[in-house]
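Reproduced below: target_20.pdb, with PDB, C-alpha atoms and all ligand atoms.
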```
ATOM      1  CA  MET A   1      11.822  -1.829  -9.305
ATOM      2  CA  PRO A   2       8.396  -0.561 -10.279
ATOM      3  CA  GLU A   3       8.223   0.492 -13.898
ATOM      4  CA  SER A   4       6.322   3.681 -13.180
ATOM      5  CA  ASP A   5       7.571   4.396  -9.707
ATOM      6  CA  SER A   6       7.709   8.131 -10.081
ATOM      7  CA  ALA A   7       4.061   8.426 -11.088
ATOM      8  CA  LEU A   8       2.686   5.926  -8.616
ATOM      9  CA  LYS A   9       0.927   7.292  -5.591
ATOM     10  CA  ILE A  10      -0.142   4.943  -2.857
ATOM     11  CA  LEU A  11      -2.774   6.174  -0.472
ATOM     12  CA  ILE A  12      -3.495   4.726   2.952
ATOM     13  CA  ASP A  13      -6.727   5.693   4.674
ATOM     14  CA  ARG A  14      -5.649   5.227   8.247
ATOM     15  CA  ASP A  15      -9.166   5.799   9.533
ATOM     16  CA  VAL A  16     -10.220   2.689   7.609
ATOM     17  CA  CYS A  17      -7.124   0.544   8.230
ATOM     18  CA  MET A  18      -7.692  -1.985  10.998
ATOM     19  CA  GLY A  19      -4.091  -3.115  11.223
ATOM     20  CA  SER A  20      -4.607  -6.593   9.786
ATOM     21  CA  GLY A  21      -1.122  -6.645   8.299
ATOM     22  CA  VAL A  22      -2.260  -8.264   5.042
ATOM     23  CA  CYS A  23      -0.615  -5.570   2.923
ATOM     24  CA  LEU A  24       2.713  -6.264   4.624
ATOM     25  CA  VAL A  25       2.499  -9.895   3.602
ATOM     26  CA  TYR A  26       2.032  -9.083  -0.086
ATOM     27  CA  ALA A  27       4.219  -6.017  -0.336
ATOM     28  CA  PRO A  28       6.698  -5.899   2.545
ATOM     29  CA  GLY A  29       8.834  -3.482   0.572
ATOM     30  CA  THR A  30       6.010  -0.974   0.479
ATOM     31  CA  PHE A  31       4.012  -1.255   3.682
ATOM     32  CA  ALA A  32       4.929  -1.409   7.336
ATOM     33  CA  GLN A  33       2.938  -0.967  10.529
ATOM     34  CA  ASP A  34       3.443   1.662  13.136
ATOM     35  CA  SER A  35       2.742   1.329  16.854
ATOM     36  CA  GLU A  36      -1.043   1.769  16.464
ATOM     37  CA  PRO A  37      -0.572  -0.659  14.497
ATOM     38  CA  LYS A  38      -1.762   0.858  11.249
ATOM     39  CA  ALA A  39      -0.222   0.725   7.819
ATOM     40  CA  VAL A  40       2.429   3.205   6.800
ATOM     41  CA  LEU A  41       4.532   3.465   3.645
ATOM     42  CA  VAL A  42       8.165   2.490   3.736
ATOM     43  CA  ASP A  43      10.799   4.580   2.024
ATOM     44  CA  PRO A  44      12.206   3.679  -0.380
ATOM     45  CA  ILE A  45       9.533   1.436  -1.862
ATOM     46  CA  THR A  46      11.144  -1.661  -3.348
ATOM     47  CA  ASP A  47       8.161  -3.745  -4.475
ATOM     48  CA  SER A  48       6.969  -4.050  -8.058
ATOM     49  CA  VAL A  49       3.817  -2.270  -9.135
ATOM     50  CA  GLU A  50       2.189  -5.660  -9.497
ATOM     51  CA  GLN A  51       3.010  -6.602  -5.915
ATOM     52  CA  ILE A  52       1.609  -3.318  -4.713
ATOM     53  CA  ARG A  53      -1.583  -3.829  -6.717
ATOM     54  CA  VAL A  54      -2.046  -7.281  -5.183
ATOM     55  CA  ALA A  55      -1.566  -5.851  -1.712
ATOM     56  CA  VAL A  56      -4.034  -3.045  -2.368
ATOM     57  CA  GLU A  57      -6.640  -5.506  -3.607
ATOM     58  CA  ALA A  58      -5.996  -7.849  -0.680
ATOM     59  CA  CYS A  59      -6.698  -5.232   1.977
ATOM     60  CA  PRO A  60      -9.822  -6.447   3.797
ATOM     61  CA  THR A  61     -11.073  -2.965   4.604
ATOM     62  CA  GLY A  62     -10.335  -1.166   1.328
ATOM     63  CA  ALA A  63      -8.019   1.238   3.107
ATOM     64  CA  LEU A  64      -5.498   1.241   0.262
ATOM     65  CA  SER A  65      -5.700   2.835  -3.151
ATOM     66  CA  ILE A  66      -3.318   3.593  -5.979
ATOM     67  CA  SER A  67      -3.175   6.594  -8.207
ATOM     68  CA  THR A  68      -0.886   6.514 -11.232
ATOM     69  CA  GLY A  69      -0.989  10.141 -12.189
ATOM     70  CA  GLU A  70      -3.679  12.652 -12.958
ATOM     71  CA  GLU A  71      -6.362  10.047 -13.341
ATOM     72  CA  GLY A  72      -7.458   7.800 -10.502
ATOM     73  CA  VAL A  73      -7.224   4.040 -10.998
TER      74      VAL A  73
HETATM   75  S1  LIG B   1      -4.162  -4.718   4.638
HETATM   76 FE1  LIG B   1      -5.453  -2.889   4.871
HETATM   77  S2  LIG B   1      -6.328  -3.047   6.933
HETATM   78 FE2  LIG B   1      -4.578  -4.453   6.840
HETATM   79  S3  LIG B   1      -2.826  -3.244   7.625
HETATM   80 FE3  LIG B   1      -2.834  -3.054   5.382
HETATM   81  S4  LIG B   1      -4.011  -1.153   5.007
HETATM   82 FE4  LIG B   1      -4.470  -1.800   7.087
END
```

Any chance you could put this one into structure tokens?
Amino acid sequence: MPESDSALKILIDRDVCMGSGVCLVYAPGTFAQDSEPKAVLVDPITDSVEQIRVAVEACPTGALSISTGEEGV
């Protein structure tokens, strides 16, 4: 489980997402695709923070971002 799960906020900009599915490959316990098919968060999230970070960085359109509290990362 993520070490700072409670503070981690994952943001998906669905206007930017092009539905490539890359985030699902790296963090299938965090991201899924809806019928559009754009990324959505799964609940509960079961990936590690590291997996989620890799997925965020792998997104080809920069649609994903992580916030770990008051300060943006
Ligand atoms: S990797 Fe990025 S563009 Fe691809 S489905 Fe995930 S959020 Fe959308």

**Prompt:** Neighbours of ligand LIG 1 (chain B) within 7 Å, counting only C-alpha atoms and all ligand atoms, as a list in words?
**Reply:**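 Final answer, ordered by chain and number: Ile12, Val16, Cys17, Met18, Gly19, Ser20, Gly21, Val22, Cys23, Leu24, Gln33, Lys38, Ala39, Ala55, Ala58, Cys59, Pro60, Thr61, Gly62, Ala63 and Leu64 of chain A.
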
Residues from last step as file, C-alpha atoms, as an mmCIF file, keeping the file's coordinate frame:
```
data_model
loop_
_atom_site.group_PDB
_atom_site.id
_atom_site.type_symbol
_atom_site.label_atom_id
_atom_site.label_comp_id
_atom_site.auth_asym_id
_atom_site.auth_seq_id
_atom_site.Cartn_x
_atom_site.Cartn_y
_atom_site.Cartn_z
ATOM 1 C CA ILE A 12 -3.495 4.726 2.952
ATOM 2 C CA VAL A 16 -10.220 2.689 7.609
ATOM 3 C CA CYS A 17 -7.124 0.544 8.230
ATOM 4 C CA MET A 18 -7.692 -1.985 10.998
ATOM 5 C CA GLY A 19 -4.091 -3.115 11.223
ATOM 6 C CA SER A 20 -4.607 -6.593 9.786
ATOM 7 C CA GLY A 21 -1.122 -6.645 8.299
ATOM 8 C CA VAL A 22 -2.260 -8.264 5.042
ATOM 9 C CA CYS A 23 -0.615 -5.570 2.923
ATOM 10 C CA LEU A 24 2.713 -6.264 4.624
ATOM 11 C CA GLN A 33 2.938 -0.967 10.529
ATOM 12 C CA LYS A 38 -1.762 0.858 11.249
ATOM 13 C CA ALA A 39 -0.222 0.725 7.819
ATOM 14 C CA ALA A 55 -1.566 -5.851 -1.712
ATOM 15 C CA ALA A 58 -5.996 -7.849 -0.680
ATOM 16 C CA CYS A 59 -6.698 -5.232 1.977
ATOM 17 C CA PRO A 60 -9.822 -6.447 3.797
ATOM 18 C CA THR A 61 -11.073 -2.965 4.604
ATOM 19 C CA GLY A 62 -10.335 -1.166 1.328
ATOM 20 C CA ALA A 63 -8.019 1.238 3.107
ATOM 21 C CA LEU A 64 -5.498 1.241 0.262
#
```

**Residue contacts of Leu41 (chain A) (9 Å, only C-alpha atoms) excluding same-chain residues fewer than 5 positions away, as a list in words** =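 Non-adjacent residues within range: Ile10, Leu11, Ile12, Gly29, Thr30, Phe31, Ala32 and Gln33 of chain A.
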
**Asked** How far is it from CA of Ser67 (chain A) to CA of Lys9 (chain A), in Å with one decimal?
**Response** 4.9 Å

**Item:** Pick from A:Thr68, A:Asp43, A:Ile52, A:Leu8, whichever lies nearest to Val25 (chain A) using only C-alpha atoms
**Value:**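 For Val25 (chain A), the nearest of the given residues is A:Ile52.
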
**Asked** How far is it from CA of Arg14 (chain A) to CA of Pro37 (chain A), in Å with one decimal?
**Response**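 So the answer is 10.0 Å.
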
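Going from CA of Ala7 (chain A) over to CA of Val54 (chain A), you cover 17.9 Å.
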